[in-house]
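The next block holds one structure in the form of structure tokens; read it before the comments.
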Amino acid sequence: MNILILGAGEVGFHIAQRLATEGNDVVVVDTDAERLQRVADTMDVRTILGHASHPSVLRLAGAENAELLIAATTNDETNMLACQVAHSLFKVTTKMARVREPDYVNSTGLFGRDELPIDLIISPEREAAKSIIKRFQVSSAVDAQDFADGRVQLLGLRVPPKGILAGLALNELDEVMENISTYIVAHEHNRKWRVPSADTVLLAGDSVYIAMAREQVDTFLEHVGYETSEQKDRNVMIVGGGNVGFIVAQELERMGVSIKLIEHNPKRAQWLAEQLDKSVVIQGDALDRDLLEEEAIEGMDDFLALTNDDETNILGSLIAQKYNVPHVVTLVNRAIYTDLVRQIGLDVTVSPRFTTASSILRHVRKGRILGMSPLGDGTLEVLEAVALETSNILNKPLIDLTLPPNTVIGAIVRDDQVIIPDGTTKIQADDHVLLVTQGTSLRAVEKLFEVHLEFF
Amino acid sequence: MHPRGVIWTLGILVALFGCGMMAPAFISLYFASGHADHFILAGCLTSALGLTMMRIAGSAPPRLSHKDGFLIVALAWVILSLLGAIPFWTTGVCDNIIDGLFESTSGLTTTGATILSGLDTLPPSILFWRSMQEWLGGMGIIVLAVAVMPLLGVGGMQLFRAETPGPVKDKLTSRVTETAKVLWYIYLAMTAITGLSLWLAGMTIFDAINHAMTTIAIGGFSTHDASIGYYESQTIRSLIIVFMLMAGVNFTLHFAALKRGFSLKTYFQDDEFRTYIKWVSTLIVLIAAITLTAGAGTIGEVIFNTVAIATTTGFAVSNYAIWPPGTGLLLLAAMFVGACAGSTGGGMKVVRVLLLFRQGMREIRRLIHPHAIIQVKINDHSVTGPVVQALWGFFVLYMVCYSVIAILLAITGVDMMTALSATAACLTNTGPGFGDVGPASNYASLPDAAKGILMFGMVLGRLEIFTFFVLLVPEFWRK
């Protein structure tokens with residue numbers, strides 16, 4: 001596919017890298033030569049220096065043949081205008097734009113075929129906030145991902161020392177789960193991620209990814225020994241009242257959660273106090289111990305570190321952990337920190353760049369692979385694919401299928417119904433299939449779901 | 001300051017007031033009750049004075065400043081109260097100058113405190129003039145409360161400054177006229193509807209017109225000594241309750257609701273309106289509980305009298321002064337809170353009390369969260385520091401004025417209960433109080449000095465304290 005990416009910032013860079021590795025023809029446009037150089041050095045893409053919304057620049061970048069345009073510059077207006085230009089002059093089929101300003105995003109009727117021709121609006125802050133809220137709803141989990149429009153949930157968990165999971169061999173799973181259908185699709189032991197087999201044994205401190213139907217999440221968490229407290233009764237401390245912090249506070253307020261929001265900038269704090277109805281807005285330093293104790297950090301159920309500064313977030317989260325706050329979420333922007341923080345014990349991280357890129361990628365993916373994102377440290381990939389009529393995986397019991405090495409099918413969605421498969425389950429045409437596979441088997445898995453030539 | 005502009009503006013007010021004085025003359029001609037000549041003469045004199053003032057000043061002022069605004073507002077009430085007393089003297093209804101002035105001031109400030117008794121036997125022209133004075137006063141208050149006070153920022157009322165332009169300096173005229181026109185249409189319409197409904201409910205045309213004028217102006221003058229108690233009809237009483245409540249609502253809110261097709265939602269989205277309704281309902285429940293257990297009155301009487309006092313109208317259907325003492329203090333509190341800002345009602349205004357209360361709650365929360373930033377909000381908008389300070393200033397000054405006037409009144413020889421309640425009733429522009437000035441009697445028995453002090457109190461309350469006191473500061477007069 002010919003893809004045009006405008007802006008080589010954090011988001012643009014990441015998407016370009018993913019799309020280029022997946023074998024697309026990518027052109028990156030930016031006004032900053034240095035940044036373009038960095039892009040050209042890291043990946044196999046074409047780079048164009050120039051203003052992203054200028055028709056001449058877009059023509060030069062090959063907009064006439066582009067099927068997809070992703071406008072991800074830091075400027076909302078440039079992004080929107082670029083989409084308009086691409087639509088009017090070059091008839092680019094699909095256009096996505098990053099738009100930050102809530103005023104644009106919330107104006108209904110602004111975007112559409114005959115209005116501003118943008119097919120998908122992405123706001124990094126909003127994406128990050130959304131994913132934080134999702135984590136909040138299943139806060140015992142380290143990670144939570146939705147598939148098949150939210151019908152299937154993939155929970156990332158750390159095996160707790162107490163409870164039934166620790167010391168459990170996977171072939172005993174169905175027994176102890178009673179009537180909850182789950183499937184463990186990924187397992188980590190000593191920082192090595194692999195697709196588990198039937199004789200894998202879970203040890204306390206290991207991490208796992210478990211697929212299950214959305215409705216069973218709460219029952220499951222309770223069953224394996226996590227406390228599930230009523231969301232409404234939770235006390236949440238948010239550090240950082242930037243765009244992400246504000247959106248999260250607003251959403252949580254709507255859910256009836258009691259919130260303390262700490263913001264450093266006095267002006268911003270004033271503004272927040274004006275906008276938020278029930279939250280207590282505190283002006284001060286998130287790393288000030290006296291302030292945190294004054295606001296009873298030890299009694300908090302959740303601590304969300306959402307400032308623009310990674311270091312503050314990480315340190316704040318560590319402090320919160322010291323006070324035994326059960327659920328700590330850390331916002332991390334820079335890629336190198338993401339791995340680091342896991343090692344120092346901060347399990348739940350959210351990266352605006354990453355969430356934005358994966359939500360863009362989810363829309364980009366063509367054909368029968370609907371979603372694909374890395375799991376754990378990135379050695380494993382999770383995919384959502386649609387089984388085609390011509391595919392040779394249909395109508396055979398799973399046990400007889402020869403799947404590529406290290407690949408499992410974790411869930412099947414058939415007409416709104418979630419099926420957690422066992423050896424006898426058969427895949428039917430138009431089923432949505434959730435697979436987890438190793439990076440090296442990725443191409444083979446994609447082949448399974450490709451359109452076969454004889455079909456034409 | 002523009003002295004010519006001030007004189008011209010006052011001149012036109014006086015001239016129009018003079019024309020208004022002619023109206024009772026037609027009433028007296030129609031009822032053939034005499035006094036037509038007195039009203040025509042007084043009207044001509046007043047109009048002539050007004051025209052002379054305009055003549056002296058030359059032409060319409062191109063612009064008026066902040067300071068001119070204060071001066072015009074304060075002088076208008078004083079001068080018109082003086083002139084409005086003329087018919088009371090010339091017709092011989094009041095044999096004493098002070099009494100006439102008291103009646104006139106009470107009317108123009110829509111207080112409704114009276115020194116006249118035997119109303120049922122007074123000539124219709126006099127009764128009409130009293131009601132009309134209240135009605136004209138109400139017109140003035142609407143403009144004062146909705147356009148002038150917010151613009152001048154009296155006692156935190158900059159809150160209600162229309163959203164669009166920022167602080168308008170040296171340009172009071174054009175916007176005030178525009179706003180005033182719209183509000184007067186609403187005022188007129190409400191009066192007409194009230195009059196019509198009262199007439200349909202069985203009042204005579206004359207009574208219906210009079211009561212419509214004094215209800216919508218939240219005045220409280222009646223054409224009968226027994227006030228609304230004269231009417232046995234529950235329909236009439238209920239109608240007046242509804243119209244008093246409506247007149248006690250901010251007129252800009254009426255306007256906003258009207259623009260959206262009479263939407264009740266608009267009303268209930270307003271913080272002040274919600275508080276006003278809750279406050280009045282709470283009062284009714286409390287007072288009813290006390291009164292009914294003591295067997296001192298009926299539920300109908302409780303509702304009517306409570307609404308009449310809480311909106312600062314001052315009508316009565318029965319003598320609430322004989323209810324148990326708890327009710328008296330509740331009613332006194334109701335006077336102080338008053339009606340909504342931007343209405344014809346008096347008192348400190350619901351919005352001010354609401355904001356002061358929220359400010360108090362904020363201080364409590366601040367003790368719990370010493371570093372928290374907590375905003376005082378109304379209708380989802382934060383109230384800024386200067387507004388809150390102005391509110392506190394207003395509150396303190398209001399209470400100081402109340403105490404000083406009450407003490408002065410007691411010095412003139414009035415008993416304590418009467419002094420405290422009469423001061424409250426006049427400062428909040430309610431009308432009847434307790435003790436010697438309760439609904440069953442009136443202000444006639446007070447010494448002249450006391451009447452003078454109370455007149456001052458009425459004007460002070462009507463002008464929301466600051467507008468009057470600003471004139472007493474020497475800096476005001478400096479160039």
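In the structure tokens, chains take letters A, B, ... by order of appearance, with residues numbered from 1 within each chain and ligands from 1 in the order shown.
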Determine, using only C-alpha atoms, which residues of chain A have any atom at most 6 Å from an atom of chain B, and tabulate each with its shortest atom pair and distance in Å to one decimal place, rows ordered by chain and then rising number, as JSON lines.
{"residue": "A:Glu274", "atom": "CA", "partner": "B:Ser382", "partner_atom": "CA", "distance": 5.8}
{"residue": "A:Val281", "atom": "CA", "partner": "B:Ala372", "partner_atom": "CA", "distance": 5.3}
{"residue": "A:Ile282", "atom": "CA", "partner": "B:Ala372", "partner_atom": "CA", "distance": 3.8}
{"residue": "A:Gln283", "atom": "CA", "partner": "B:His371", "partner_atom": "CA", "distance": 5.9}
List as a tab-separated table (two decimals) with N, CA and C atoms, in the first residue's frame the protein and nucleic acid residues near Val39 of chain A, meaning an atom at most 10 Å away when only C-alpha atoms are counted, but skip any in the same chain fewer than 6 places from it.
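Output file part13.tsv follows:
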chain	number	residue	atom	x	y	z
A	8	ALA	N	7.08	13.88	11.34
A	8	ALA	CA	7.96	12.80	11.79
A	8	ALA	C	8.24	12.93	13.28
A	9	GLY	N	7.25	13.36	14.02
A	9	GLY	CA	7.38	13.44	15.48
A	9	GLY	C	7.28	12.04	16.07
A	12	GLY	N	4.33	10.04	14.39
A	12	GLY	CA	4.61	9.79	12.98
A	12	GLY	C	5.73	8.79	12.82
A	13	PHE	N	6.75	8.97	13.60
A	13	PHE	CA	7.92	8.10	13.54
A	13	PHE	C	7.53	6.65	13.81
A	14	HIS	N	6.80	6.47	14.86
A	14	HIS	CA	6.43	5.13	15.29
A	14	HIS	C	5.55	4.43	14.26
A	16	ALA	N	5.31	5.15	11.05
A	16	ALA	CA	6.09	4.92	9.84
A	16	ALA	C	6.90	3.64	10.00
A	17	GLN	N	7.49	3.49	11.16
A	17	GLN	CA	8.33	2.32	11.40
A	17	GLN	C	7.52	1.02	11.30
A	28	VAL	N	7.46	9.87	4.19
A	28	VAL	CA	7.31	10.71	5.37
A	28	VAL	C	7.63	12.17	4.99
A	33	ALA	N	14.67	18.93	8.65
A	33	ALA	CA	15.58	18.04	7.91
A	33	ALA	C	16.25	17.03	8.83
A	45	VAL	N	12.11	4.07	4.16
A	45	VAL	CA	10.99	4.89	3.68
A	45	VAL	C	11.57	6.04	2.85
A	46	ARG	N	10.71	6.71	2.07
A	46	ARG	CA	11.13	7.88	1.34
A	46	ARG	C	10.82	9.10	2.20
A	47	THR	N	11.68	10.13	2.20
A	47	THR	CA	11.40	11.32	3.01
A	47	THR	C	11.34	12.54	2.11
Item checked: Test item: residues at most 10 Å from segment 34-38 of chain B, only C-alpha atoms, excluding those fewer than 5 positions along its chain, as a PyMOL selection string -> chain B and resi 21-29+43-44+86-92+123-126
File dump, residues just selected, N, CA and C atoms, as a PDB file, in the first residue's frame:
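Printed below is result_3.pdb as written:
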ATOM      1  N   MET B  21     -48.570  61.518  36.923  1.00  0.00           N
ATOM      2  CA  MET B  21     -49.462  62.029  37.970  1.00  0.00           C
ATOM      3  C   MET B  21     -50.842  62.376  37.459  1.00  0.00           C
ATOM      4  N   MET B  22     -50.921  62.626  36.140  1.00  0.00           N
ATOM      5  CA  MET B  22     -52.223  62.970  35.559  1.00  0.00           C
ATOM      6  C   MET B  22     -53.152  61.754  35.541  1.00  0.00           C
ATOM      7  N   ALA B  23     -52.588  60.559  35.526  1.00  0.00           N
ATOM      8  CA  ALA B  23     -53.418  59.362  35.394  1.00  0.00           C
ATOM      9  C   ALA B  23     -54.474  59.255  36.499  1.00  0.00           C
ATOM     10  N   PRO B  24     -54.105  59.473  37.784  1.00  0.00           N
ATOM     11  CA  PRO B  24     -55.127  59.391  38.836  1.00  0.00           C
ATOM     12  C   PRO B  24     -56.248  60.404  38.629  1.00  0.00           C
ATOM     13  N   ALA B  25     -55.919  61.522  37.911  1.00  0.00           N
ATOM     14  CA  ALA B  25     -56.959  62.507  37.652  1.00  0.00           C
ATOM     15  C   ALA B  25     -58.090  61.884  36.847  1.00  0.00           C
ATOM     16  N   PHE B  26     -57.726  61.062  35.864  1.00  0.00           N
ATOM     17  CA  PHE B  26     -58.769  60.406  35.064  1.00  0.00           C
ATOM     18  C   PHE B  26     -59.580  59.458  35.928  1.00  0.00           C
ATOM     19  N   ILE B  27     -58.896  58.785  36.843  1.00  0.00           N
ATOM     20  CA  ILE B  27     -59.600  57.874  37.747  1.00  0.00           C
ATOM     21  C   ILE B  27     -60.630  58.654  38.565  1.00  0.00           C
ATOM     22  N   SER B  28     -60.188  59.787  39.092  1.00  0.00           N
ATOM     23  CA  SER B  28     -61.121  60.527  39.947  1.00  0.00           C
ATOM     24  C   SER B  28     -62.270  61.105  39.119  1.00  0.00           C
ATOM     25  N   LEU B  29     -61.977  61.475  37.847  1.00  0.00           N
ATOM     26  CA  LEU B  29     -63.073  61.960  36.991  1.00  0.00           C
ATOM     27  C   LEU B  29     -64.057  60.827  36.733  1.00  0.00           C
ATOM     28  N   GLY B  43     -49.364  67.383  38.662  1.00  0.00           N
ATOM     29  CA  GLY B  43     -48.734  66.856  37.459  1.00  0.00           C
ATOM     30  C   GLY B  43     -48.121  67.962  36.632  1.00  0.00           C
ATOM     31  N   CYS B  44     -48.874  69.045  36.454  1.00  0.00           N
ATOM     32  CA  CYS B  44     -48.390  70.154  35.634  1.00  0.00           C
ATOM     33  C   CYS B  44     -47.130  70.758  36.260  1.00  0.00           C
ATOM     34  N   ILE B  86     -46.495  65.296  46.732  1.00  0.00           N
ATOM     35  CA  ILE B  86     -47.343  66.484  46.545  1.00  0.00           C
ATOM     36  C   ILE B  86     -48.838  66.157  46.599  1.00  0.00           C
ATOM     37  N   PRO B  87     -49.310  65.156  45.807  1.00  0.00           N
ATOM     38  CA  PRO B  87     -50.764  64.902  45.847  1.00  0.00           C
ATOM     39  C   PRO B  87     -51.268  64.514  47.240  1.00  0.00           C
ATOM     40  N   PHE B  88     -50.424  63.844  48.027  1.00  0.00           N
ATOM     41  CA  PHE B  88     -50.870  63.443  49.365  1.00  0.00           C
ATOM     42  C   PHE B  88     -51.149  64.665  50.236  1.00  0.00           C
ATOM     43  N   TRP B  89     -50.332  65.750  50.026  1.00  0.00           N
ATOM     44  CA  TRP B  89     -50.578  66.955  50.812  1.00  0.00           C
ATOM     45  C   TRP B  89     -51.749  67.737  50.255  1.00  0.00           C
ATOM     46  N   THR B  90     -51.719  67.965  48.921  1.00  0.00           N
ATOM     47  CA  THR B  90     -52.732  68.864  48.345  1.00  0.00           C
ATOM     48  C   THR B  90     -54.131  68.316  48.505  1.00  0.00           C
ATOM     49  N   THR B  91     -54.261  66.970  48.442  1.00  0.00           N
ATOM     50  CA  THR B  91     -55.599  66.405  48.605  1.00  0.00           C
ATOM     51  C   THR B  91     -55.995  66.334  50.071  1.00  0.00           C
ATOM     52  N   GLY B  92     -55.031  66.549  50.961  1.00  0.00           N
ATOM     53  CA  GLY B  92     -55.362  66.545  52.380  1.00  0.00           C
ATOM     54  C   GLY B  92     -55.465  65.164  52.983  1.00  0.00           C
ATOM     55  N   PRO B 123     -60.511  57.989  48.559  1.00  0.00           N
ATOM     56  CA  PRO B 123     -60.900  58.166  47.159  1.00  0.00           C
ATOM     57  C   PRO B 123     -60.048  57.280  46.244  1.00  0.00           C
ATOM     58  N   PRO B 124     -60.653  56.721  45.187  1.00  0.00           N
ATOM     59  CA  PRO B 124     -59.936  55.815  44.288  1.00  0.00           C
ATOM     60  C   PRO B 124     -58.681  56.456  43.700  1.00  0.00           C
ATOM     61  N   SER B 125     -58.727  57.765  43.442  1.00  0.00           N
ATOM     62  CA  SER B 125     -57.572  58.404  42.811  1.00  0.00           C
ATOM     63  C   SER B 125     -56.331  58.279  43.686  1.00  0.00           C
ATOM     64  N   ILE B 126     -56.515  58.458  45.003  1.00  0.00           N
ATOM     65  CA  ILE B 126     -55.374  58.345  45.919  1.00  0.00           C
ATOM     66  C   ILE B 126     -54.845  56.916  45.930  1.00  0.00           C
TER      67      ILE B 126
END
Notebook entry, point to check: Within 12 Å of segment 51-62 of chain B, counting only C-alpha atoms, which residues qualify if same-chain residues fewer than 6 places away don't, as a PyMOL selection string?
Noted result: chain B and resi 1-19+44-45+68+170-174
Could you take the residues named above and write them with N, CA and C atoms, as a PDB file, in the first residue's frame?
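So again-v7.pdb came out as:
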ATOM      1  N   MET B   1     -17.261  63.811  35.306  1.00  0.00           N
ATOM      2  CA  MET B   1     -18.701  63.920  35.528  1.00  0.00           C
ATOM      3  C   MET B   1     -19.321  64.913  34.552  1.00  0.00           C
ATOM      4  N   HIS B   2     -20.562  64.665  34.195  1.00  0.00           N
ATOM      5  CA  HIS B   2     -21.250  65.550  33.252  1.00  0.00           C
ATOM      6  C   HIS B   2     -22.509  66.086  33.920  1.00  0.00           C
ATOM      7  N   PRO B   3     -22.396  67.241  34.650  1.00  0.00           N
ATOM      8  CA  PRO B   3     -23.536  67.773  35.409  1.00  0.00           C
ATOM      9  C   PRO B   3     -24.751  68.040  34.527  1.00  0.00           C
ATOM     10  N   ARG B   4     -24.500  68.543  33.329  1.00  0.00           N
ATOM     11  CA  ARG B   4     -25.624  68.835  32.438  1.00  0.00           C
ATOM     12  C   ARG B   4     -26.356  67.551  32.063  1.00  0.00           C
ATOM     13  N   GLY B   5     -25.584  66.554  31.793  1.00  0.00           N
ATOM     14  CA  GLY B   5     -26.179  65.260  31.441  1.00  0.00           C
ATOM     15  C   GLY B   5     -27.026  64.722  32.580  1.00  0.00           C
ATOM     16  N   VAL B   6     -26.512  64.882  33.798  1.00  0.00           N
ATOM     17  CA  VAL B   6     -27.245  64.392  34.962  1.00  0.00           C
ATOM     18  C   VAL B   6     -28.561  65.157  35.101  1.00  0.00           C
ATOM     19  N   ILE B   7     -28.489  66.490  34.973  1.00  0.00           N
ATOM     20  CA  ILE B   7     -29.701  67.306  35.123  1.00  0.00           C
ATOM     21  C   ILE B   7     -30.713  66.971  34.033  1.00  0.00           C
ATOM     22  N   TRP B   8     -30.223  66.808  32.811  1.00  0.00           N
ATOM     23  CA  TRP B   8     -31.133  66.500  31.701  1.00  0.00           C
ATOM     24  C   TRP B   8     -31.853  65.176  31.947  1.00  0.00           C
ATOM     25  N   THR B   9     -31.071  64.186  32.348  1.00  0.00           N
ATOM     26  CA  THR B   9     -31.653  62.857  32.571  1.00  0.00           C
ATOM     27  C   THR B   9     -32.679  62.907  33.697  1.00  0.00           C
ATOM     28  N   LEU B  10     -32.314  63.597  34.797  1.00  0.00           N
ATOM     29  CA  LEU B  10     -33.268  63.726  35.900  1.00  0.00           C
ATOM     30  C   LEU B  10     -34.490  64.495  35.436  1.00  0.00           C
ATOM     31  N   GLY B  11     -34.248  65.532  34.601  1.00  0.00           N
ATOM     32  CA  GLY B  11     -35.349  66.359  34.085  1.00  0.00           C
ATOM     33  C   GLY B  11     -36.364  65.529  33.338  1.00  0.00           C
ATOM     34  N   ILE B  12     -35.869  64.656  32.463  1.00  0.00           N
ATOM     35  CA  ILE B  12     -36.827  63.871  31.667  1.00  0.00           C
ATOM     36  C   ILE B  12     -37.582  62.891  32.557  1.00  0.00           C
ATOM     37  N   LEU B  13     -36.890  62.358  33.579  1.00  0.00           N
ATOM     38  CA  LEU B  13     -37.567  61.467  34.526  1.00  0.00           C
ATOM     39  C   LEU B  13     -38.674  62.210  35.257  1.00  0.00           C
ATOM     40  N   VAL B  14     -38.343  63.446  35.724  1.00  0.00           N
ATOM     41  CA  VAL B  14     -39.319  64.246  36.461  1.00  0.00           C
ATOM     42  C   VAL B  14     -40.508  64.583  35.567  1.00  0.00           C
ATOM     43  N   ALA B  15     -40.216  64.960  34.324  1.00  0.00           N
ATOM     44  CA  ALA B  15     -41.290  65.333  33.407  1.00  0.00           C
ATOM     45  C   ALA B  15     -42.232  64.160  33.161  1.00  0.00           C
ATOM     46  N   LEU B  16     -41.658  62.988  32.939  1.00  0.00           N
ATOM     47  CA  LEU B  16     -42.492  61.805  32.695  1.00  0.00           C
ATOM     48  C   LEU B  16     -43.288  61.435  33.940  1.00  0.00           C
ATOM     49  N   PHE B  17     -42.643  61.589  35.106  1.00  0.00           N
ATOM     50  CA  PHE B  17     -43.309  61.321  36.377  1.00  0.00           C
ATOM     51  C   PHE B  17     -44.516  62.249  36.514  1.00  0.00           C
ATOM     52  N   GLY B  18     -44.320  63.506  36.111  1.00  0.00           N
ATOM     53  CA  GLY B  18     -45.413  64.493  36.125  1.00  0.00           C
ATOM     54  C   GLY B  18     -46.577  64.038  35.263  1.00  0.00           C
ATOM     55  N   CYS B  19     -46.250  63.561  34.063  1.00  0.00           N
ATOM     56  CA  CYS B  19     -47.310  63.063  33.180  1.00  0.00           C
ATOM     57  C   CYS B  19     -48.053  61.913  33.860  1.00  0.00           C
ATOM     58  N   CYS B  44     -48.874  69.045  36.454  1.00  0.00           N
ATOM     59  CA  CYS B  44     -48.390  70.154  35.634  1.00  0.00           C
ATOM     60  C   CYS B  44     -47.130  70.758  36.260  1.00  0.00           C
ATOM     61  N   LEU B  45     -47.199  70.968  37.576  1.00  0.00           N
ATOM     62  CA  LEU B  45     -46.051  71.545  38.279  1.00  0.00           C
ATOM     63  C   LEU B  45     -44.809  70.681  38.086  1.00  0.00           C
ATOM     64  N   ASP B  68     -21.758  59.498  36.918  1.00  0.00           N
ATOM     65  CA  ASP B  68     -23.071  60.064  36.604  1.00  0.00           C
ATOM     66  C   ASP B  68     -24.161  59.050  36.923  1.00  0.00           C
ATOM     67  N   ASP B 170     -17.456  54.874  30.702  1.00  0.00           N
ATOM     68  CA  ASP B 170     -17.957  56.141  30.164  1.00  0.00           C
ATOM     69  C   ASP B 170     -19.044  55.967  29.116  1.00  0.00           C
ATOM     70  N   LYS B 171     -19.739  54.864  29.158  1.00  0.00           N
ATOM     71  CA  LYS B 171     -20.772  54.698  28.143  1.00  0.00           C
ATOM     72  C   LYS B 171     -21.889  53.879  28.751  1.00  0.00           C
ATOM     73  N   LEU B 172     -22.745  54.582  29.477  1.00  0.00           N
ATOM     74  CA  LEU B 172     -23.774  53.898  30.231  1.00  0.00           C
ATOM     75  C   LEU B 172     -25.050  53.833  29.406  1.00  0.00           C
ATOM     76  N   THR B 173     -25.243  54.871  28.594  1.00  0.00           N
ATOM     77  CA  THR B 173     -26.560  55.115  28.006  1.00  0.00           C
ATOM     78  C   THR B 173     -27.072  54.052  27.052  1.00  0.00           C
ATOM     79  N   SER B 174     -26.340  53.798  25.976  1.00  0.00           N
ATOM     80  CA  SER B 174     -26.938  53.026  24.885  1.00  0.00           C
ATOM     81  C   SER B 174     -27.365  51.626  25.334  1.00  0.00           C
TER      82      SER B 174
END
Hey, what's within 12 Å of Thr219 of chain A if we count only C-alpha atoms and toss same-chain stuff fewer than 6 positions away? As a PDB file with N, CA and C atoms, in the first residue's frame, please?
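Resulting contents of selection02.pdb:
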ATOM      1  N   VAL A 138     -10.331  -2.267  35.000  1.00  0.00           N
ATOM      2  CA  VAL A 138      -9.793  -3.567  35.441  1.00  0.00           C
ATOM      3  C   VAL A 138      -8.424  -3.305  36.058  1.00  0.00           C
ATOM      4  N   MET A 177     -11.288 -23.296  36.952  1.00  0.00           N
ATOM      5  CA  MET A 177     -12.049 -22.110  36.545  1.00  0.00           C
ATOM      6  C   MET A 177     -13.555 -22.345  36.607  1.00  0.00           C
ATOM      7  N   GLU A 178     -13.929 -23.587  36.895  1.00  0.00           N
ATOM      8  CA  GLU A 178     -15.343 -23.934  36.969  1.00  0.00           C
ATOM      9  C   GLU A 178     -16.069 -23.483  35.702  1.00  0.00           C
ATOM     10  N   ASN A 179     -17.012 -22.577  35.778  1.00  0.00           N
ATOM     11  CA  ASN A 179     -17.741 -22.256  34.548  1.00  0.00           C
ATOM     12  C   ASN A 179     -17.269 -20.961  33.868  1.00  0.00           C
ATOM     13  N   ILE A 180     -16.081 -20.502  34.213  1.00  0.00           N
ATOM     14  CA  ILE A 180     -15.544 -19.331  33.509  1.00  0.00           C
ATOM     15  C   ILE A 180     -14.629 -19.848  32.396  1.00  0.00           C
ATOM     16  N   SER A 181     -14.923 -19.452  31.153  1.00  0.00           N
ATOM     17  CA  SER A 181     -14.086 -19.910  30.043  1.00  0.00           C
ATOM     18  C   SER A 181     -12.963 -18.912  29.809  1.00  0.00           C
ATOM     19  N   THR A 182     -11.739 -19.388  29.951  1.00  0.00           N
ATOM     20  CA  THR A 182     -10.599 -18.516  29.705  1.00  0.00           C
ATOM     21  C   THR A 182      -9.555 -19.280  28.913  1.00  0.00           C
ATOM     22  N   MET A 212     -10.709 -13.757  27.423  1.00  0.00           N
ATOM     23  CA  MET A 212     -12.027 -14.158  27.939  1.00  0.00           C
ATOM     24  C   MET A 212     -13.085 -13.200  27.423  1.00  0.00           C
ATOM     25  N   ALA A 213     -14.330 -13.606  27.586  1.00  0.00           N
ATOM     26  CA  ALA A 213     -15.424 -12.726  27.186  1.00  0.00           C
ATOM     27  C   ALA A 213     -15.503 -11.562  28.179  1.00  0.00           C
ATOM     28  N   GLY A 225      -8.701 -14.447  42.940  1.00  0.00           N
ATOM     29  CA  GLY A 225      -8.220 -13.901  44.205  1.00  0.00           C
ATOM     30  C   GLY A 225      -7.864 -12.437  44.204  1.00  0.00           C
ATOM     31  N   TYR A 226      -8.312 -11.685  43.165  1.00  0.00           N
ATOM     32  CA  TYR A 226      -8.105 -10.235  43.221  1.00  0.00           C
ATOM     33  C   TYR A 226      -9.293  -9.595  43.892  1.00  0.00           C
ATOM     34  N   GLU A 227      -9.018  -8.525  44.624  1.00  0.00           N
ATOM     35  CA  GLU A 227     -10.136  -7.792  45.204  1.00  0.00           C
ATOM     36  C   GLU A 227     -10.756  -6.941  44.112  1.00  0.00           C
ATOM     37  N   THR A 228     -12.052  -6.985  43.990  1.00  0.00           N
ATOM     38  CA  THR A 228     -12.697  -6.065  43.056  1.00  0.00           C
ATOM     39  C   THR A 228     -13.544  -5.117  43.872  1.00  0.00           C
TER      40      THR A 228
END
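In terms of minimum interatomic distance to Gly195 of chain B, B:Ile236 ranks closest within B:Val182, B:Ala147, B:Ile236, B:Met458, counting only C-alpha atoms.
Nearest residue to Ile287 of chain B, choosing from B:Leu41, B:Ala192, B:Val307, B:Met132 and counting only C-alpha atoms: B:Val307.
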Which polymer residues have any atom within 9 Å of an atom of Ala288 of chain B, counting only C-alpha atoms, with same-chain residues fewer than 3 positions away left out, as a CSV table (one decimal) with N, CA and C atoms, in the first residue's frame?
chain,number,residue,atom,x,y,z
B,283,LEU,N,-39.0,27.5,54.0
B,283,LEU,CA,-39.7,28.4,54.9
B,283,LEU,C,-41.1,28.0,55.2
B,284,ILE,N,-41.8,27.7,54.1
B,284,ILE,CA,-43.2,27.3,54.2
B,284,ILE,C,-43.4,26.1,55.1
B,285,VAL,N,-42.5,25.1,54.8
B,285,VAL,CA,-42.6,23.9,55.6
B,285,VAL,C,-42.4,24.1,57.1
B,291,THR,N,-46.7,26.8,63.0
B,291,THR,CA,-48.0,27.4,63.2
B,291,THR,C,-49.2,26.4,63.3
B,292,LEU,N,-49.1,25.3,62.5
B,292,LEU,CA,-50.2,24.4,62.6
B,292,LEU,C,-50.2,23.6,63.9
B,293,THR,N,-49.0,23.3,64.4
B,293,THR,CA,-49.1,22.6,65.7
B,293,THR,C,-49.6,23.5,66.8
B,297,GLY,N,-53.0,29.2,62.8
B,297,GLY,CA,-53.3,29.6,61.4
B,297,GLY,C,-53.6,28.4,60.5
B,298,THR,N,-54.1,28.7,59.3
B,298,THR,CA,-54.3,27.6,58.4
B,298,THR,C,-53.2,27.5,57.4
B,299,ILE,N,-53.1,26.4,56.7
B,299,ILE,CA,-52.0,26.2,55.7
B,299,ILE,C,-52.0,27.2,54.6
B,302,VAL,N,-50.5,30.4,55.9
B,302,VAL,CA,-49.0,30.2,56.0
B,302,VAL,C,-48.4,30.4,54.7
B,303,ILE,N,-48.9,29.7,53.6
B,303,ILE,CA,-48.2,29.8,52.3
B,303,ILE,C,-48.3,31.2,51.8
B,327,THR,N,-41.8,31.6,64.2
B,327,THR,CA,-42.2,32.0,62.8
B,327,THR,C,-41.7,33.4,62.6
